[in-house]
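Taking it in order: structure first as structure tokens, then the write-up.
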Amino acid sequence: MNPRAVVKDRAIVSSPGVALDVTRAWAARTLRARYQQSALGWAWAVVQPIAMVAIFTVVFTRFVRIETGGVPYVLFAYAATVPWTLLANAWSDMAASLVVNLNLVTKIAFPRAALPAAALVARAVDFGIGMVLLFALVIAYGVPVTALWLWVPVIVAVLLIFVLGLGLASAALNVFYRDVDPAIRLFTQVWFYASPVIYPSSLVPGQWRWLYYANPMAGVIDALRDVLLHGRPPGITLVAAAGIAVVTLVAGYAFFKRVEGRLADVI
Amino acid sequence: MTVERTSQTVDPAVRFSHVSKKYHLGLTRTSVAAAAWRGLRRAWTGSQRADDVYWALRDVSFSLETGRSLGLLGPNGAGKSTILKLLAGITEPTSGEVASHGRLAALIELGAGFHPDLTGRENVFLNATLLGLRRQEVLARFDEIVAFAELERFIDTPIKRYSSGMTVRLGFAVASCIEPDILLVDEVLAVGDAAFRQRCVARIQDLRARGTSLLFVSHDMGLVKAVCQEALYVEDGAIQYAGDTGETIDRYNRALDQRRLARLQQGHESPDAHGIVEIGRVEIQDGQGRAAREVASDDPVEIRISYTAYTPVPKANVLVRMMRSDGLSCFVLRTSHDGVPVALDRGTGTVSVSIDSTRLFPGSYYAVVWFLDANDANGMSRATSEWFEVTGRTSGIDHHDGVFEPDHHWRVAPSPPAGDELAAIEPRPHAAGASRD
């Protein structure tokens with residue numbers, strides 16, 4: 001921003017309390033609107049991952065054998081599909097959140113970050129339902145519940161921090177370049193195969209592991225499988241994922257704040 | 001005074017100091033390819049091309065003292081909305097300083113964020129939150145909002161079932177419940193029916209009475225005059241004139257007249273796509289042909305309409321509707337009903353209608369004028385007069401008592417004696433009617 005341009009006394013618009021209020025209200029609006037006139041309602045939150053898992057299970061237990069380390073393939077795939085669905089849906093929702101609500105951005109002064117944040121919160125609610133179903137499945141398959149489950153909130157936090165950073169940056173960038181939206185869809189497809197959703201990361205050749213784990217989704221999915229299915233603590237790869245997630249959030253937020261003042265002019 | 005270039009001891013509610021705002025027109029083409037091409041071209045030609053840049057405001061300075069009201073006048077694209085957007089914090093100045101003190105509410109977009117599938121109640125909370133109200137504040141004001149919008153029965157209905165008028169009412173009710181220190185109003189009152197509009201104006205006046213400073217944008221000069229103490233005439237991103245509202249409106253009107261004349265002389269067909277006739281101003285005059293702000297209900301009044309026709313109109317109809325300030329239509333006069341032919345040559349002129357006496361009850365009124373096509377179907381141009389007061393000897397009248405007092409005569413007479421029939425009735429010595437007076 002031009003150093004000569006000064007705006008004084010904007011405390012109300014930028015107060016964190018208002019930002020949280022707007023995030024909550026907008027997330028509630030998104031959820032209500034999504035499920036208001038739908039017969040299945042909240043069940044839609046888990047229909048998508050369940051359908052994906054059903055397909056994976058047929059393909060990878062009937063046609064192609066995938067070694068899962070003794071875990072039923074359904075559990076193996078579902079434990080990864082739940083966090084993956086959050087990433088894929090939240091990322092694209094967040095990226096579109098400012099552009100879709102153009103009228104708000106150009107007509108009202110409110111903390112802009114609330115829109116992508118609310119998009120994430122709305123998807124995180126779906127994710128929460130998916131996680132509850134995951135716990136139920138794990139117990140139903142007779143996998144013992146251990147103290148390792150206490151790692152789950154940590155793993156979820158890493159995931160949310162990462163997606164928040166990614167989504168904030170994408171939302172702001174999408175305002176300037178609409179190419180972001182189709183690029184995300186393409187990239188998500190590629191990324192899916194670069195993450196251990198349908199296969200175990202142990203299949204990745206040793207010399208490429210370091211690069212493989214530059215993808216924080218790999219660390220998150222592995223950690224979730226470790227604590228829920230394999231009964232072992234998460235590996236060092238979760239730390240790597242956490243580091244990348246924090247850097248992503250800091251950089252994403254900084255970028256967002258930097259361009260925030262110009263959003264209404266460009267959108 | 002409105003324009004300040006020196007700093008003040010007491011901070012005004014709003015202060016713009018040398019504010020400029022630049023928009024990059026090129027940035028609307030937001031694809032990598034286009035941006036890259038533009039970058040290459042710019043690198044090739046040297047520097048930024050002037051036609052890529054649009055200055056919405058140039059070095060604008062003014063201040064609004066706490067508790068005062070300021071109108072912004074000017075044609076579309078003059079920079080009025082940019083001033084409000086800068087103040088609201090929607091966008092940032094390119095250079096200069098924008099300062100405000102106190103809670104600010106902007107009525108720029110009514111019902112922002114409304115979702116059709118959500119109920120009125122849900123939308124109230126959503127909209128109020130977007131406008132910066134905390135949840136507790138919304139809860140405390142909820143009943144008041146619903147009552148003001150007159151939507152008690154429908155508040156739990158999804159707003160997709162609302163009429164557009166109902167939606168606007170709800171939007172205004174939320175926005176105006178904020179009780180801000182500074183209120184920005186941008187043309188939002190153009191929507192909604194006249195009665196609701198009047199209640200909005202009353203609400204704004206009410207906030208003003210409680211000390212709210214007001215920045216008001218409207219094309220309705222009468223409304224600006226009724227609401228604002230001072231006004232800025234803004235054009236081409238700069239303040240052309242600043243001063244008392246009446247004087248500023250006059251200056252702006254004169255500028256508009258000159259522009260119409262210039263357009264006419266240059267042979268332009270019409271100023272915009274839909275205007276072949278443009279109403280200049282609508283003036284309320286007394287019996288002597290002087291502009292009047294106050295007219296006695298018994299006195300003659302003349303409504304004088306100046307127009308510019310950009311093409312000859314062989315057959316037109318002029319309609320004058322007298323509105324009470326609460327939006328009630330009191331009467332309508334039409335040239336077509338009265339059999340008065342209206343043929344307009346290319347050029348300027350006036351149409352006036354004189355009324356011997358309006359007989360209207362005391363109150364505030366304004367006239368709405370339409371130029372309609374030959375079939376009375378399509379409006380070619382519309383304008384409103386400033387508000388004026390009708391005075392009269394009748395006092396203690398309120399709006400429930402009616403609209404006007406027609407010419408009338410009272411006669412009080414006892415029934416004449418009529419022979420046998422009356423004789424049958426026993427005369428009563430203290431009959432009430434006869435012995436009064």
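Each chain in the structure tokens gets a letter, A, B and so on, in the order shown; residues start at 1 in every chain, and ligands are counted from 1 in the order they appear.
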Tell me which protein, DNA and RNA residues are within 9 Å of Gly102 (chain B), counting only C-alpha atoms, leaving out same-chain ones fewer than 6 positions away, and put them as a PDB file with N, CA and C atoms, in the first residue's frame.
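Wrote it out as result27.pdb, contents follow:
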ATOM      1  N   ASP A   9      -8.863   4.660  12.407  1.00  0.00           N
ATOM      2  CA  ASP A   9     -10.025   4.256  13.194  1.00  0.00           C
ATOM      3  C   ASP A   9     -10.883   3.225  12.478  1.00  0.00           C
TER       4      ASP A   9
ATOM      5  N   ALA B  13     -16.240  14.032  12.773  1.00  0.00           N
ATOM      6  CA  ALA B  13     -16.674  12.637  12.620  1.00  0.00           C
ATOM      7  C   ALA B  13     -15.968  11.982  11.443  1.00  0.00           C
ATOM      8  N   PRO B 180     -25.564   3.982  14.732  1.00  0.00           N
ATOM      9  CA  PRO B 180     -24.154   4.344  14.561  1.00  0.00           C
ATOM     10  C   PRO B 180     -23.896   5.793  14.942  1.00  0.00           C
ATOM     11  N   ASP B 181     -22.622   6.118  15.100  1.00  0.00           N
ATOM     12  CA  ASP B 181     -22.218   7.511  15.266  1.00  0.00           C
ATOM     13  C   ASP B 181     -22.180   8.208  13.916  1.00  0.00           C
ATOM     14  N   ILE B 182     -21.854   7.413  12.890  1.00  0.00           N
ATOM     15  CA  ILE B 182     -21.799   7.943  11.531  1.00  0.00           C
ATOM     16  C   ILE B 182     -22.605   7.016  10.640  1.00  0.00           C
TER      17      ILE B 182
END
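With only C-alpha atoms taken into account, the protein and nucleic acid residues at most 7 Å from Thr68 (chain A) (excluding it and anything under 4 positions from it in its own chain) are Tyr73, Phe76 and Pro200 of chain A.
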Check: From the set B:Val98, B:Ala291, B:Leu25, B:Leu87, which residue has the shortest atom-to-atom contact distance to chain A, counting only C-alpha atoms?
Finding: B:Val98
Item checked: Given only C-alpha atoms as the counted atoms, nearest of B:Val403, B:Val174, B:Trp55, B:Leu73 to Glu230 (chain B) -> B:Leu73
Next item on the list: Write out as a PyMOL selection string which residues come within 8 Å of region 101-111 of chain A when counting only C-alpha atoms, dropping same-chain ones fewer than 2 positions away.
Entry: (chain A and resi 13-14+18-19+22+97-99+113-114+263-265+267) or (chain B and resi 85+88-90+106+108-109+112-113+130-132)
Check: Which polymer residues have any atom within 12 Å of an atom of Leu75 (chain A), counting only C-alpha atoms, with same-chain residues fewer than 3 positions away left out, as a count of residues only?
Finding: 35
Could you list the residues in chain B lying within 9 Å of chain A, using only C-alpha atoms, and format the result as a PDB file with C-alpha atoms, in the first residue's frame?
ATOM      1  CA  VAL B  19      -7.634  11.724  -0.807  1.00  0.00           C
ATOM      2  CA  SER B  20      -7.096  10.245  -4.247  1.00  0.00           C
ATOM      3  CA  TYR B  23      -8.434   2.186 -10.328  1.00  0.00           C
ATOM      4  CA  HIS B  24      -6.580   0.052 -12.805  1.00  0.00           C
ATOM      5  CA  LEU B  25      -9.015  -0.665 -15.569  1.00  0.00           C
ATOM      6  CA  LEU B  27      -7.003  -5.503 -13.997  1.00  0.00           C
ATOM      7  CA  THR B  28     -10.478  -6.557 -14.993  1.00  0.00           C
ATOM      8  CA  ARG B  29      -8.900  -8.915 -17.533  1.00  0.00           C
ATOM      9  CA  THR B  30      -7.719 -11.401 -15.010  1.00  0.00           C
ATOM     10  CA  SER B  31      -6.209 -14.314 -16.784  1.00  0.00           C
ATOM     11  CA  VAL B  32      -2.522 -15.108 -16.763  1.00  0.00           C
ATOM     12  CA  ALA B  35      -1.867 -10.175 -17.740  1.00  0.00           C
ATOM     13  CA  LYS B  85     -16.640   3.050   0.026  1.00  0.00           C
ATOM     14  CA  LEU B  86     -13.415   4.591   1.261  1.00  0.00           C
ATOM     15  CA  LEU B  87     -15.136   5.745   4.390  1.00  0.00           C
ATOM     16  CA  ALA B  88     -16.775   2.393   5.013  1.00  0.00           C
ATOM     17  CA  GLY B  89     -13.408   0.696   4.662  1.00  0.00           C
ATOM     18  CA  ILE B  90     -14.453  -1.384   1.666  1.00  0.00           C
ATOM     19  CA  THR B  91     -11.527  -0.043  -0.287  1.00  0.00           C
ATOM     20  CA  GLU B  92      -8.383   1.930   0.507  1.00  0.00           C
ATOM     21  CA  PRO B  93      -7.221   5.313  -0.750  1.00  0.00           C
ATOM     22  CA  THR B  94      -4.349   5.433  -3.219  1.00  0.00           C
ATOM     23  CA  SER B  95      -3.030   8.449  -1.389  1.00  0.00           C
ATOM     24  CA  GLY B  96      -4.241  10.834   1.275  1.00  0.00           C
ATOM     25  CA  GLU B  97      -5.875  10.214   4.590  1.00  0.00           C
ATOM     26  CA  VAL B  98      -9.346   9.024   5.465  1.00  0.00           C
ATOM     27  CA  ALA B  99     -10.238   9.345   9.123  1.00  0.00           C
ATOM     28  CA  SER B 100     -13.440   8.712  10.984  1.00  0.00           C
ATOM     29  CA  HIS B 101     -14.394   8.709  14.627  1.00  0.00           C
ATOM     30  CA  GLY B 102     -17.055   6.511  16.080  1.00  0.00           C
ATOM     31  CA  ARG B 103     -19.093   3.542  15.024  1.00  0.00           C
ATOM     32  CA  LEU B 104     -19.887   3.644  11.375  1.00  0.00           C
ATOM     33  CA  ALA B 106     -23.010   1.985   5.767  1.00  0.00           C
ATOM     34  CA  LEU B 107     -26.346   1.569   4.010  1.00  0.00           C
ATOM     35  CA  ILE B 108     -24.781   0.851   0.663  1.00  0.00           C
ATOM     36  CA  GLU B 109     -26.285  -2.546   0.013  1.00  0.00           C
ATOM     37  CA  ALA B 112     -26.262  -8.129   1.912  1.00  0.00           C
ATOM     38  CA  GLY B 113     -25.628 -11.820   2.364  1.00  0.00           C
ATOM     39  CA  HIS B 115     -29.798 -16.268   1.451  1.00  0.00           C
ATOM     40  CA  PRO B 116     -33.159 -17.110  -0.150  1.00  0.00           C
ATOM     41  CA  ASP B 117     -33.415 -20.521   1.532  1.00  0.00           C
ATOM     42  CA  LEU B 118     -32.949 -19.135   5.033  1.00  0.00           C
ATOM     43  CA  GLU B 122     -31.718 -16.437  10.229  1.00  0.00           C
ATOM     44  CA  ASN B 123     -31.029 -13.756   7.661  1.00  0.00           C
ATOM     45  CA  PHE B 125     -28.623 -12.503  12.324  1.00  0.00           C
ATOM     46  CA  LEU B 126     -26.437 -13.146   9.312  1.00  0.00           C
ATOM     47  CA  ASN B 127     -26.865  -9.695   7.839  1.00  0.00           C
ATOM     48  CA  THR B 129     -23.235  -9.849  11.847  1.00  0.00           C
ATOM     49  CA  LEU B 130     -21.843  -8.871   8.458  1.00  0.00           C
ATOM     50  CA  LEU B 131     -22.624  -5.261   9.310  1.00  0.00           C
ATOM     51  CA  GLY B 132     -20.556  -5.591  12.471  1.00  0.00           C
ATOM     52  CA  LEU B 133     -23.172  -6.189  15.168  1.00  0.00           C
ATOM     53  CA  ARG B 134     -22.283  -8.640  17.911  1.00  0.00           C
ATOM     54  CA  ARG B 135     -24.717 -11.448  18.625  1.00  0.00           C
TER      55      ARG B 135
END
Check: Please, which residues of region 28-251 of chain A, numbered as in this document, come out alpha helix (DSSP H) from DSSP, as an NGL selection string?
Finding: :A and (28-35 or 44-58 or 73-100 or 102-107 or 114-140 or 152-176 or 180-193 or 209-212 or 216-225 or 236-251)
Checklist line | Polymer residues at most 7 Å from region 206-222 of chain A, only C-alpha atoms, same-chain spacing of 3 or more positions, as a ChimeraX atom specification | finding: /A:80,155,159,195-196,225-226,237-238,241,244
Note to self: Give me, as JSON, numbers by chain, all polymer residues having an atom no more than 10 Å from Thr248 (chain B), counting only C-alpha atoms and skipping those fewer than 4 positions away in the same chain.
What the structure shows: {"B": [71, 72, 73, 225, 230, 231, 232, 233, 240, 241, 242, 243, 244, 252, 253, 254]}
Item checked: Closest of A:Arg185, A:Phe256, A:Tyr193, A:Phe162 to Ala242 (chain A) - atom-to-atom distances counting only C-alpha atoms -> A:Phe162
Next item on the list: For Met166 (chain B), work out the shell of residues within 9 Å, counting only C-alpha atoms and skipping chain neighbours fewer than 6 positions away, then give it as a PyMOL selection string.
Entry: chain B and resi 149-151+159+192
Take the residues that were just selected and, keeping C-alpha atoms, output them as a PDB file, in the first residue's frame.
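The resulting file, selection.pdb, is reproduced below:
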ATOM      1  CA  ALA B 149     -39.869  -4.243   8.920  1.00  0.00           C
ATOM      2  CA  GLU B 150     -43.504  -5.169   9.740  1.00  0.00           C
ATOM      3  CA  LEU B 151     -42.702  -8.825   9.172  1.00  0.00           C
ATOM      4  CA  ILE B 159     -37.135 -15.113   2.368  1.00  0.00           C
ATOM      5  CA  GLY B 192     -39.191   0.079  -1.823  1.00  0.00           C
TER       6      GLY B 192
END
Taking the backbone alone, and naming residues the way the document does, which bits of region 109-332 of chain B are strand (DSSP E or B) by DSSP, as an mmCIF file with C-alpha atoms, in the first residue's frame?
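Below you can see part_26.cif, which holds the result:
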data_model
loop_
_atom_site.group_PDB
_atom_site.id
_atom_site.type_symbol
_atom_site.label_atom_id
_atom_site.label_comp_id
_atom_site.auth_asym_id
_atom_site.auth_seq_id
_atom_site.Cartn_x
_atom_site.Cartn_y
_atom_site.Cartn_z
ATOM 1 C CA THR B 119 -35.735 -17.667 7.116
ATOM 2 C CA PRO B 158 -37.684 -18.456 4.020
ATOM 3 C CA ILE B 182 -21.799 7.943 11.531
ATOM 4 C CA LEU B 183 -24.356 6.793 9.000
ATOM 5 C CA LEU B 184 -23.620 6.443 5.299
ATOM 6 C CA VAL B 185 -26.586 6.155 2.959
ATOM 7 C CA ASP B 186 -26.070 5.444 -0.722
ATOM 8 C CA SER B 213 -23.581 12.279 11.720
ATOM 9 C CA LEU B 214 -24.875 11.588 8.238
ATOM 10 C CA LEU B 215 -23.333 11.268 4.800
ATOM 11 C CA PHE B 216 -26.122 10.957 2.254
ATOM 12 C CA VAL B 217 -26.013 10.132 -1.449
ATOM 13 C CA GLU B 230 -24.709 20.890 3.886
ATOM 14 C CA ALA B 231 -23.850 19.361 0.566
ATOM 15 C CA LEU B 232 -20.945 18.657 -1.743
ATOM 16 C CA TYR B 233 -21.320 18.756 -5.483
ATOM 17 C CA VAL B 234 -18.900 16.155 -6.771
ATOM 18 C CA GLU B 235 -17.958 15.603 -10.360
ATOM 19 C CA ALA B 238 -13.312 16.381 -7.420
ATOM 20 C CA ILE B 239 -15.433 18.632 -5.264
ATOM 21 C CA GLN B 240 -16.951 21.286 -7.536
ATOM 22 C CA TYR B 241 -18.795 23.143 -4.838
ATOM 23 C CA ALA B 242 -19.315 22.814 -1.119
ATOM 24 C CA GLY B 243 -21.742 24.706 1.006
ATOM 25 C CA ASP B 244 -25.275 25.027 2.226
ATOM 26 C CA VAL B 277 -37.198 13.914 -22.837
ATOM 27 C CA GLU B 278 -35.450 14.980 -19.679
ATOM 28 C CA ILE B 279 -37.099 16.892 -16.868
ATOM 29 C CA GLY B 280 -34.869 19.649 -15.597
ATOM 30 C CA ARG B 281 -36.544 20.673 -12.391
ATOM 31 C CA VAL B 282 -39.928 20.806 -10.809
ATOM 32 C CA GLU B 283 -40.614 24.019 -8.999
ATOM 33 C CA ILE B 284 -43.427 24.849 -6.634
ATOM 34 C CA GLN B 285 -44.457 28.479 -7.076
ATOM 35 C CA ASP B 286 -46.922 30.712 -5.347
ATOM 36 C CA ALA B 291 -40.542 29.789 -5.834
ATOM 37 C CA GLU B 294 -44.663 27.289 2.006
ATOM 38 C CA VAL B 295 -48.114 27.519 0.490
ATOM 39 C CA ALA B 296 -51.370 28.172 2.292
ATOM 40 C CA VAL B 301 -50.058 27.285 -6.390
ATOM 41 C CA GLU B 302 -48.298 26.575 -9.630
ATOM 42 C CA ILE B 303 -46.172 23.557 -10.438
ATOM 43 C CA ARG B 304 -43.664 24.483 -13.072
ATOM 44 C CA ILE B 305 -41.740 21.815 -14.929
ATOM 45 C CA SER B 306 -38.778 22.609 -17.162
ATOM 46 C CA TYR B 307 -37.859 20.017 -19.757
ATOM 47 C CA THR B 308 -35.390 19.312 -22.511
ATOM 48 C CA ALA B 309 -36.580 17.314 -25.520
ATOM 49 C CA VAL B 313 -42.346 14.379 -29.418
ATOM 50 C CA PRO B 314 -45.611 14.947 -31.291
ATOM 51 C CA LYS B 315 -47.810 13.567 -28.540
ATOM 52 C CA ALA B 316 -46.888 13.269 -24.907
ATOM 53 C CA ASN B 317 -48.724 13.244 -21.632
ATOM 54 C CA VAL B 318 -47.626 14.973 -18.492
ATOM 55 C CA LEU B 319 -48.661 13.628 -15.130
ATOM 56 C CA VAL B 320 -48.340 15.402 -11.817
ATOM 57 C CA ARG B 321 -48.865 13.417 -8.663
ATOM 58 C CA MET B 322 -49.051 15.202 -5.341
ATOM 59 C CA MET B 323 -47.449 13.145 -2.594
ATOM 60 C CA ARG B 324 -47.782 13.639 1.120
ATOM 61 C CA SER B 329 -50.674 9.898 -3.181
ATOM 62 C CA CYS B 330 -53.102 12.802 -2.651
ATOM 63 C CA PHE B 331 -54.186 13.545 -6.192
ATOM 64 C CA VAL B 332 -53.092 13.100 -9.786
#
Notebook entry, point to check: For Gly327 (chain B), which of B:Ser364, B:Gln258, B:Ser63, B:Ser381 is the closest residue, counting only C-alpha atoms?
Noted result: B:Ser364
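Coordinates place CA of Phe388 (chain B) at a distance of 16.9 Å from CA of Glu247 (chain B).
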